[in-house]
$ cat my_file11.csv   # CSV, C-alpha atoms
chain,number,residue,atom,x,y,z
A,1417,MET,CA,-16.1,27.3,19.9
A,1418,GLU,CA,-12.5,27.8,21.2
A,1419,GLU,CA,-13.4,26.0,24.4
A,1420,TYR,CA,-15.0,23.1,22.6
A,1421,VAL,CA,-12.1,22.6,20.2
A,1422,GLU,CA,-9.7,22.6,23.2
A,1423,ALA,CA,-11.8,19.9,24.8
A,1424,VAL,CA,-11.8,17.8,21.7
A,1425,VAL,CA,-8.1,18.0,21.3
A,1426,LYS,CA,-7.5,17.2,25.0
A,1427,GLU,CA,-9.8,14.1,24.7
A,1428,LEU,CA,-8.0,13.0,21.6
A,1429,LYS,CA,-4.6,13.3,23.2
A,1430,GLU,CA,-5.6,11.7,26.5
A,1431,ARG,CA,-7.2,8.6,24.8
A,1432,TYR,CA,-4.2,8.1,22.6
A,1433,ALA,CA,-1.4,5.6,23.4
A,1434,VAL,CA,2.1,5.5,22.0
A,1435,ASN,CA,3.3,1.9,21.6
A,1436,GLY,CA,0.6,0.8,24.0
A,1437,VAL,CA,1.7,3.2,26.8
A,1438,ARG,CA,-1.1,5.2,28.3
A,1439,CYS,CA,-0.6,8.9,28.0
A,1440,ALA,CA,-3.3,9.9,30.4
A,1441,VAL,CA,-6.2,8.5,32.5
A,1442,THR,CA,-9.7,9.7,32.9
A,1443,LYS,CA,-12.8,8.1,34.5
A,1444,SER,CA,-15.9,6.5,33.1
A,1445,ILE,CA,-19.1,8.3,33.5
A,1446,LYS,CA,-20.5,5.2,35.2
A,1447,GLU,CA,-18.4,6.0,38.3
A,1448,SER,CA,-20.8,8.8,39.2
A,1449,SER,CA,-23.9,6.8,38.3
A,1450,GLY,CA,-23.7,4.0,40.8
A,1451,LEU,CA,-23.0,1.5,38.0
A,1452,PRO,CA,-19.8,-0.6,37.8
A,1453,VAL,CA,-16.7,1.5,37.6
A,1454,PHE,CA,-14.2,1.2,34.8
A,1455,ARG,CA,-10.8,1.9,36.4
A,1456,SER,CA,-7.8,3.1,34.6
A,1457,SER,CA,-7.0,-0.4,33.3
A,1458,ASP,CA,-10.4,-0.5,31.6
A,1459,LEU,CA,-10.2,2.9,30.0
A,1460,PRO,CA,-10.4,2.6,26.2
A,1461,VAL,CA,-7.0,3.6,24.9
A,1462,PHE,CA,-6.9,4.3,21.2
A,1463,ARG,CA,-3.8,2.8,19.5
A,1464,SER,CA,-1.7,4.6,16.9
A,1465,SER,CA,-2.8,2.2,14.2
A,1466,ASN,CA,-2.9,2.8,10.5
A,1467,ILE,CA,-5.9,5.2,10.3
A,1468,GLN,CA,-7.6,5.0,6.9
A,1469,THR,CA,-10.4,7.5,7.2
A,1470,ILE,CA,-11.2,10.7,9.1
A,1471,TYR,CA,-14.7,12.1,9.2
A,1472,PHE,CA,-15.8,15.5,10.6
A,1473,GLY,CA,-19.5,15.2,10.9
A,1474,GLY,CA,-22.6,14.0,12.7
A,1475,GLY,CA,-23.4,17.6,12.9
A,1476,THR,CA,-22.3,20.7,11.1
A,1477,PRO,CA,-18.6,21.1,11.6
A,1478,THR,CA,-18.4,23.8,8.9
A,1479,LEU,CA,-19.8,26.2,11.5
A,1480,LEU,CA,-16.3,26.2,12.8
A,1481,PRO,CA,-13.8,28.7,11.4
A,1482,VAL,CA,-10.9,27.2,9.4
A,1483,HIS,CA,-8.2,27.7,12.1
A,1484,LEU,CA,-10.2,25.7,14.6
A,1485,LEU,CA,-10.7,22.8,12.2
A,1486,GLU,CA,-7.0,22.9,11.4
A,1487,LYS,CA,-6.3,22.6,15.2
A,1488,ILE,CA,-8.3,19.4,15.4
A,1489,LEU,CA,-6.9,18.0,12.2
A,1490,ASN,CA,-3.3,18.7,13.3
A,1491,ALA,CA,-3.9,16.9,16.6
A,1492,VAL,CA,-5.2,13.9,14.7
A,1493,TYR,CA,-2.1,13.8,12.5
A,1494,GLU,CA,0.2,14.3,15.4
A,1495,ASN,CA,-1.2,11.5,17.4
A,1496,PHE,CA,-2.1,8.8,14.9
A,1497,GLU,CA,-0.3,7.0,12.0
A,1498,MET,CA,-2.1,7.8,8.8
A,1499,ASP,CA,-2.6,5.7,5.7
A,1500,SER,CA,-1.0,7.2,2.6
A,1501,GLU,CA,-4.4,7.0,0.9
A,1502,ILE,CA,-6.4,8.7,3.7
A,1503,GLU,CA,-10.0,9.6,3.0
A,1504,CYS,CA,-10.7,12.8,4.9
A,1505,THR,CA,-14.3,13.9,4.8
A,1506,ILE,CA,-16.1,17.0,6.2
A,1507,GLU,CA,-19.9,17.5,6.3
A,1508,GLY,CA,-21.4,20.9,5.5
A,1509,ASN,CA,-24.6,22.8,4.6
A,1510,PRO,CA,-24.8,24.9,1.5
A,1511,GLU,CA,-25.0,28.2,3.4
A,1512,GLN,CA,-21.5,27.6,4.7
A,1513,CYS,CA,-20.0,26.5,1.4
A,1514,SER,CA,-18.4,29.7,0.1
A,1515,LEU,CA,-15.6,29.2,-2.4
A,1516,GLU,CA,-13.1,30.9,-0.1
A,1517,TYR,CA,-14.0,28.6,2.8
A,1518,LEU,CA,-14.0,25.4,0.8
A,1519,THR,CA,-10.7,26.3,-0.8
A,1520,ALA,CA,-9.2,26.7,2.7
A,1521,LEU,CA,-10.6,23.3,3.7
A,1522,GLN,CA,-9.2,21.6,0.7
A,1523,LYS,CA,-5.8,23.1,1.4
A,1524,LEU,CA,-6.0,21.7,5.0
A,1525,GLY,CA,-6.2,18.2,3.7
A,1526,PHE,CA,-9.9,17.5,3.4
A,1527,ASN,CA,-10.4,15.5,0.1
A,1528,ARG,CA,-14.0,14.6,0.4
A,1529,ILE,CA,-17.1,16.7,1.2
A,1530,SER,CA,-20.6,15.7,2.0
A,1531,ILE,CA,-23.1,18.5,1.4
A,1532,GLY,CA,-26.5,18.4,3.2
A,1533,ILE,CA,-28.7,19.6,0.3
A,1534,GLN,CA,-31.8,17.6,1.1
A,1535,SER,CA,-33.8,19.2,-1.8
A,1536,PHE,CA,-33.4,21.6,-4.7
A,1537,ASN,CA,-37.0,22.8,-4.1
A,1538,ASP,CA,-37.4,26.0,-2.1
A,1539,ASP,CA,-40.9,25.0,-0.8
A,1540,ILE,CA,-39.6,21.7,0.5
A,1541,LEU,CA,-36.5,23.3,2.0
A,1542,HIS,CA,-38.8,25.7,3.9
A,1543,PHE,CA,-40.9,22.8,5.1
A,1544,LEU,CA,-37.8,21.1,6.4
A,1545,GLY,CA,-36.6,24.2,8.1
A,1546,ARG,CA,-33.5,24.6,6.1
A,1547,LEU,CA,-31.7,27.9,5.8
A,1548,HIS,CA,-30.5,27.5,2.2
A,1549,SER,CA,-32.3,27.8,-1.1
A,1550,GLY,CA,-32.2,25.5,-4.1
A,1551,LYS,CA,-29.9,28.0,-5.9
A,1552,ASP,CA,-27.6,28.0,-2.9
A,1553,ALA,CA,-27.4,24.2,-3.2
A,1554,LEU,CA,-26.3,24.4,-6.8
A,1555,ILE,CA,-23.7,27.0,-6.0
A,1556,ALA,CA,-22.3,25.0,-3.1
A,1557,VAL,CA,-21.6,22.0,-5.3
A,1558,GLU,CA,-20.1,24.3,-7.9
A,1559,ASN,CA,-17.9,25.9,-5.3
A,1560,ALA,CA,-16.7,22.5,-4.0
A,1561,GLN,CA,-15.6,21.6,-7.5
A,1562,LYS,CA,-13.8,25.0,-8.0
A,1563,ALA,CA,-12.1,24.5,-4.6
A,1564,GLY,CA,-10.5,21.3,-5.9
A,1565,PHE,CA,-12.8,18.7,-4.4
A,1566,GLN,CA,-12.9,15.7,-6.7
A,1567,ASN,CA,-15.0,13.5,-4.3
A,1568,ILE,CA,-18.3,15.3,-3.7
A,1569,SER,CA,-21.3,13.7,-2.0
A,1570,ILE,CA,-24.7,15.2,-1.5
A,1571,ASP,CA,-27.7,14.2,0.7
A,1572,LEU,CA,-31.3,14.1,-0.4
A,1573,ILE,CA,-34.6,13.4,1.4
A,1574,TYR,CA,-37.6,11.7,-0.1
A,1575,GLY,CA,-41.1,10.8,1.1
A,1576,ILE,CA,-42.3,14.4,1.5
A,1577,TYR,CA,-46.0,15.0,0.7
A,1578,LEU,CA,-45.2,18.4,-1.0
A,1579,ARG,CA,-43.5,16.6,-3.9
A,1580,THR,CA,-45.0,14.6,-6.7
A,1581,LEU,CA,-43.3,11.5,-8.2
A,1582,GLN,CA,-42.4,13.6,-11.2
A,1583,ASP,CA,-40.9,16.3,-9.0
A,1584,TRP,CA,-38.7,13.7,-7.3
A,1585,LYS,CA,-37.5,12.4,-10.7
A,1586,GLN,CA,-36.6,16.0,-11.6
A,1587,GLU,CA,-34.7,16.5,-8.4
A,1588,LEU,CA,-32.6,13.4,-9.2
A,1589,THR,CA,-32.0,14.6,-12.7
A,1590,THR,CA,-30.7,17.9,-11.2
A,1591,ALA,CA,-28.4,15.9,-8.9
A,1592,PHE,CA,-27.0,13.8,-11.7
A,1593,GLN,CA,-26.2,16.9,-13.8
A,1594,LEU,CA,-23.9,18.1,-11.0
A,1595,PRO,CA,-20.3,16.9,-10.6
A,1596,VAL,CA,-21.2,14.6,-7.7
A,1597,LYS,CA,-19.7,11.2,-7.2
A,1598,HIS,CA,-21.8,10.0,-4.3
A,1599,LEU,CA,-25.4,10.3,-3.2
A,1600,SER,CA,-27.0,9.5,0.1
A,1601,ALA,CA,-30.8,9.5,0.1
A,1602,TYR,CA,-33.0,8.9,3.1
A,1603,SER,CA,-36.8,8.6,3.6
A,1604,LEU,CA,-38.1,11.4,5.8
A,1605,THR,CA,-38.6,10.1,9.4
A,1606,VAL,CA,-40.5,12.1,12.0
A,1607,GLU,CA,-38.9,12.1,15.4
A,1608,GLU,CA,-40.9,12.7,18.5
A,1609,ASN,CA,-40.5,16.0,20.3
A,1610,THR,CA,-39.6,17.8,17.1
A,1611,LEU,CA,-41.5,20.7,15.5
A,1612,LEU,CA,-42.3,18.5,12.5
A,1613,HIS,CA,-43.9,15.9,14.8
A,1614,LYS,CA,-45.9,18.6,16.5
A,1615,ARG,CA,-47.2,20.1,13.3
A,1616,ILE,CA,-48.3,16.7,12.1
A,1617,SER,CA,-50.0,15.9,15.4
A,1618,GLN,CA,-51.9,19.2,15.2
A,1619,GLN,CA,-52.9,18.3,11.6
A,1620,LYS,CA,-51.3,21.4,10.3
A,1621,ILE,CA,-49.4,19.4,7.7
A,1622,GLU,CA,-49.9,15.9,6.3
A,1623,ASN,CA,-48.2,12.9,7.7
A,1624,ILE,CA,-45.8,10.8,5.6
A,1625,ASP,CA,-47.5,8.7,2.9
A,1626,GLU,CA,-45.8,5.3,3.1
A,1627,GLU,CA,-47.0,4.3,-0.3
A,1628,GLN,CA,-45.5,7.5,-1.9
A,1629,SER,CA,-42.3,6.9,0.0
A,1630,LEU,CA,-42.1,3.4,-1.4
A,1631,GLN,CA,-42.7,4.6,-4.9
A,1632,GLU,CA,-40.0,7.3,-4.5
A,1633,MET,CA,-37.6,4.7,-3.3
A,1634,LYS,CA,-38.2,2.6,-6.4
A,1635,ILE,CA,-37.7,5.7,-8.6
A,1636,LEU,CA,-34.5,6.5,-6.7
A,1637,ILE,CA,-33.1,3.0,-7.3
A,1638,GLU,CA,-34.0,3.1,-11.0
A,1639,GLU,CA,-32.7,6.6,-11.7
A,1640,THR,CA,-29.4,6.1,-9.9
A,1641,GLU,CA,-28.8,2.9,-11.8
A,1642,LYS,CA,-29.4,4.8,-15.1
A,1643,ALA,CA,-26.9,7.4,-14.0
A,1644,GLY,CA,-24.3,4.8,-13.4
A,1645,PHE,CA,-24.4,4.9,-9.6
A,1646,GLU,CA,-24.0,1.6,-7.7
A,1647,HIS,CA,-26.5,0.9,-5.0
A,1648,TYR,CA,-23.9,-0.4,-2.5
A,1649,GLU,CA,-25.9,0.2,0.8
A,1650,VAL,CA,-29.6,0.8,1.5
A,1651,SER,CA,-29.3,4.6,1.5
A,1652,ASN,CA,-26.1,5.1,-0.4
A,1653,PHE,CA,-25.2,5.2,-4.1
A,1654,ALA,CA,-21.8,5.9,-5.7
A,1655,LEU,CA,-19.9,6.0,-9.0
A,1656,LYS,CA,-17.2,3.3,-9.4
A,1657,ASN,CA,-14.4,3.8,-6.8
A,1658,TYR,CA,-16.3,6.4,-4.9
A,1659,HIS,CA,-17.9,4.4,-2.1
A,1660,SER,CA,-17.6,6.1,1.2
A,1661,LYS,CA,-14.7,4.3,2.8
A,1662,HIS,CA,-15.5,5.7,6.2
A,1663,ASN,CA,-19.2,4.7,6.3
A,1664,SER,CA,-18.3,1.3,4.8
A,1665,ASN,CA,-16.1,0.7,7.8
A,1666,TYR,CA,-19.2,1.0,10.1
A,1667,TRP,CA,-21.1,-1.5,8.0
A,1668,ASN,CA,-18.2,-3.9,7.9
A,1669,GLY,CA,-17.7,-3.9,11.7
A,1670,THR,CA,-14.3,-2.2,11.6
A,1671,LEU,CA,-13.3,-0.5,14.8
A,1672,TYR,CA,-13.6,3.3,15.0
A,1673,TYR,CA,-12.6,6.1,17.4
A,1674,GLY,CA,-14.9,9.1,18.1
A,1675,PHE,CA,-14.0,12.4,19.7
A,1676,GLY,CA,-16.2,15.2,20.8
A,1677,ALA,CA,-19.7,15.7,22.3
A,1678,GLY,CA,-22.0,12.7,21.4
A,1679,ALA,CA,-19.2,10.9,19.7
A,1680,HIS,CA,-19.3,7.0,19.6
A,1681,SER,CA,-16.4,4.6,19.5
A,1682,PHE,CA,-16.3,0.9,18.7
A,1683,TYR,CA,-13.3,-1.4,19.6
A,1684,GLU,CA,-12.6,-4.7,21.3
A,1685,HIS,CA,-16.2,-5.8,21.3
A,1686,SER,CA,-17.3,-2.8,23.2
A,1687,ARG,CA,-18.9,0.6,22.5
A,1688,SER,CA,-18.5,3.9,24.2
A,1689,TRP,CA,-20.3,7.2,23.8
A,1690,ASN,CA,-19.6,10.6,25.0
A,1691,ILE,CA,-21.9,13.1,26.8
A,1692,SER,CA,-23.9,14.7,24.0
A,1693,ASN,CA,-24.5,18.1,25.7
A,1694,VAL,CA,-21.7,20.4,24.5
A,1695,ASP,CA,-21.5,22.5,27.7
A,1696,LYS,CA,-21.4,19.4,30.0
A,1697,TYR,CA,-18.8,17.7,27.7
A,1698,ILE,CA,-16.5,20.8,27.8
A,1699,GLN,CA,-16.8,21.0,31.6
A,1700,ALA,CA,-16.2,17.3,32.1
A,1701,ILE,CA,-13.1,17.4,29.9
A,1702,GLN,CA,-11.7,20.6,31.6
A,1703,GLU,CA,-12.3,19.2,35.1
A,1704,ASN,CA,-11.1,15.6,34.3
A,1705,GLU,CA,-14.6,14.3,35.2
A,1706,PRO,CA,-16.5,11.4,33.7
A,1707,PHE,CA,-17.5,12.1,30.1
A,1708,PHE,CA,-18.4,8.8,28.5
A,1709,GLU,CA,-20.3,5.6,29.1
A,1710,LYS,CA,-19.3,2.1,27.9
A,1711,GLU,CA,-20.9,-1.2,27.2
A,1712,TYR,CA,-19.5,-4.6,26.3
A,1713,LEU,CA,-21.4,-6.5,23.6
A,1714,SER,CA,-22.3,-10.1,24.2
A,1715,GLN,CA,-21.7,-12.6,21.4
A,1716,THR,CA,-25.5,-12.5,20.7
A,1717,GLU,CA,-25.4,-8.7,20.4
A,1718,GLN,CA,-22.4,-8.9,18.1
A,1719,TYR,CA,-24.2,-11.5,16.0
A,1720,ASN,CA,-27.3,-9.2,15.7
A,1721,GLU,CA,-25.2,-6.2,14.7
A,1722,TYR,CA,-23.3,-8.3,12.2
A,1723,VAL,CA,-26.6,-9.4,10.6
A,1724,LEU,CA,-28.2,-6.0,10.8
A,1725,LEU,CA,-25.3,-4.1,9.2
A,1726,ARG,CA,-24.3,-6.6,6.6
A,1727,LEU,CA,-27.8,-7.0,5.3
A,1728,ARG,CA,-27.8,-3.2,4.5
A,1729,THR,CA,-25.0,-3.6,2.1
A,1730,LYS,CA,-24.7,-5.0,-1.5
A,1731,ASN,CA,-22.2,-7.6,-0.2
A,1732,GLY,CA,-24.6,-9.1,2.2
A,1733,ILE,CA,-23.9,-11.9,4.7
A,1734,ASP,CA,-20.9,-14.2,4.2
A,1735,LEU,CA,-22.0,-17.5,5.8
A,1736,GLN,CA,-18.5,-18.8,6.2
A,1737,GLN,CA,-17.5,-15.6,8.0
A,1738,LEU,CA,-20.7,-15.8,10.1
A,1739,GLU,CA,-19.6,-19.3,11.2
A,1740,ASN,CA,-16.0,-18.3,11.8
A,1741,CYS,CA,-17.1,-15.4,14.0
A,1742,PHE,CA,-20.0,-16.8,15.9
A,1743,GLY,CA,-19.9,-20.6,15.5
A,1744,PHE,CA,-22.0,-23.2,13.8
A,1745,GLU,CA,-25.1,-22.8,16.1
A,1746,LYS,CA,-25.5,-19.1,15.1
A,1747,LYS,CA,-25.0,-19.9,11.5
A,1748,ASP,CA,-27.6,-22.7,11.7
A,1749,TYR,CA,-30.0,-20.3,13.5
A,1750,PHE,CA,-29.6,-17.9,10.6
A,1751,LEU,CA,-30.3,-20.5,8.0
A,1752,GLN,CA,-33.3,-21.8,9.8
A,1753,ALA,CA,-34.7,-18.3,10.2
A,1754,LEU,CA,-34.0,-17.5,6.6
A,1755,LYS,CA,-36.5,-20.2,5.6
A,1756,LYS,CA,-39.2,-17.9,7.0
A,1757,ILE,CA,-38.4,-15.2,4.4
A,1758,ASN,CA,-40.0,-15.2,1.0
A,1759,PRO,CA,-37.3,-16.3,-1.5
A,1760,GLN,CA,-38.2,-13.3,-3.7
A,1761,TYR,CA,-36.6,-11.0,-1.0
A,1762,TYR,CA,-33.1,-12.4,-0.9
A,1763,THR,CA,-30.6,-14.3,-3.0
A,1764,GLN,CA,-28.2,-17.0,-1.9
A,1765,GLN,CA,-25.2,-17.6,-4.2
A,1766,SER,CA,-22.7,-20.0,-2.8
A,1767,HIS,CA,-22.1,-18.8,0.8
A,1768,ILE,CA,-23.3,-15.2,0.2
A,1769,VAL,CA,-26.9,-14.1,1.2
A,1770,SER,CA,-28.0,-10.6,0.1
A,1771,ILE,CA,-31.3,-8.7,-0.1
A,1772,THR,CA,-33.0,-8.2,-3.5
A,1773,LYS,CA,-34.6,-5.0,-4.8
A,1774,ALA,CA,-37.9,-6.5,-3.9
A,1775,GLY,CA,-36.7,-7.1,-0.4
A,1776,LEU,CA,-35.3,-3.7,0.3
A,1777,PRO,CA,-38.6,-2.0,1.4
A,1778,LEU,CA,-39.0,-4.9,3.9
A,1779,LEU,CA,-35.5,-4.9,5.2
A,1780,ASP,CA,-36.5,-4.0,8.8
A,1781,PHE,CA,-38.9,-7.0,8.9
A,1782,ILE,CA,-36.3,-9.3,7.3
A,1783,THR,CA,-33.6,-8.2,9.8
A,1784,GLU,CA,-36.0,-8.7,12.7
A,1785,THR,CA,-36.7,-12.3,11.6
A,1786,LEU,CA,-33.0,-13.1,11.3
A,1787,ILE,CA,-31.6,-11.7,14.6
A,1788,ILE,CA,-31.9,-13.4,17.9
$ encode --input "my_file11.csv" --output "structure tokens"
Amino acid sequence: MEEYVEAVVKELKERYAVNGVRCAVTKSIKESSGLPVFRSSDLPVFRSSNIQTIYFGGGTPTLLPVHLLEKILNAVYENFEMDSEIECTIEGNPEQCSLEYLTALQKLGFNRISIGIQSFNDDILHFLGRLHSGKDALIAVENAQKAGFQNISIDLIYGIYLRTLQDWKQELTTAFQLPVKHLSAYSLTVEENTLLHKRISQQKIENIDEEQSLQEMKILIEETEKAGFEHYEVSNFALKNYHSKHNSNYWNGTLYYGFGAGAHSFYEHSRSWNISNVDKYIQAIQENEPFFEKEYLSQTEQYNEYVLLRLRTKNGIDLQQLENCFGFEKKDYFLQALKKINPQYYTQQSHIVSITKAGLPLLDFITETLII
């Protein structure tokens, strides 16, 4: 853990520039792969701009002790200019959310926490391979509130054959009885080369029932609305003023900087991603070896990402912005492709096109129709 945190801090400092002056130079991983080399002038240098959100996640950062999280957070604050209303989020699992630990995190400056509950049902948690119980999940949220977190988010998973529709309603009722301001809910997906995929292949457990998953999605939308949660993105729901600012930046195409193993960054129409293997990442950073790959996005790729991400949100596609960013031809292509979509699945009010509730289950199909 110490070595990993040292590597993250080193990367953060070396990819930082004060007033546009490069502090250090590393190489692109493409140099050792026989692909075009990005020399020092091409290295993505992250500017000390007004950072609005910090997010520790994409894994389980709460496995780290507090003093190591503090080390990373201090490096961020020392090297970047922070917005006065910074949203600072950390992800955690219930088994790590002791009151003492969460209190320490809150004092460090974390003001938002996202807890990976997934379910309050012990049988489902066992099926998912989770280490916590339903009771642990309840205690974790309670501890977060006691520790001083006002902005608490939880994750749930639906589309699991062990659960009836009534069970799913009850899980949502339980969630809304807790002091949570934000809910992320995802349909269970089975990735290849996982234990779950293997068990389904061997017919030891049932596969996902798409019809049940669809019904649970509808219940999710209905119950969140009743509880006063706004459905602002396909999988995300929040009370007023509690949208995830960080994740909203992804969907809005805002640039972002990522540090650590497997971290992604997006800036100046390009994307870079770090080595995902922790040991190889540490070694590369220590030895000043290549540790990331980079690609530049063509205008067509940028258009496709714009459409894909904006359609996921309540705000939808702004046709004027689409034309300003990509030209009249791309806008015309979009409008012609839109004619192939059933009008029940989208609304067009003035220059805004957004997906309806009826269209949400078909979002992948709709997106595929509208991209190039």
$ residues_around --input "my_file11.csv" --residues "range 1558-1565 of chain A" --least-positions-apart "3" --cutoff "6 Å" --atoms "all atoms listed in the file" --output "list in words"
Leu1515, Leu1518, Thr1519 and Ile1555 of chain A
$ atom_distance --input "my_file11.csv" --atom1 "CA of Leu1655 in chain A" --atom2 "CA of Lys1597 in chain A"
5.5 Å
$ closest_residue --input "my_file11.csv" --among "A:Glu1784, A:Tyr1658, A:Gly1732, A:Val1425" --to "Asn1527 in chain A" --atoms "all atoms listed in the file"
A:Tyr1658
$ closest_residue --input "my_file11.csv" --among "A:Leu1671, A:Ala1601, A:Cys1504, A:Leu1521" --to "Arg1687 in chain A" --atoms "only C-alpha atoms"
A:Leu1671
$ closest_residue --input "my_file11.csv" --among "A:Ser1692, A:Gln1699, A:Thr1785, A:Ser1686" --to "Thr1670 in chain A" --atoms "only C-alpha atoms"
A:Ser1686
$ closest_residue --input "my_file11.csv" --among "A:Glu1626, A:Leu1724, A:Ser1714, A:Glu1709" --to "Tyr1666 in chain A" --atoms "only C-alpha atoms"
A:Leu1724
$ residues_around --input "my_file11.csv" --residues "range 1569-1580 of chain A" --least-positions-apart "4" --cutoff "8 Å" --atoms "all atoms listed in the file" --output "PyMOL selection string"
chain A and resi 1528-1535+1539-1540+1584+1596-1604+1622-1626+1628-1630+1632-1633
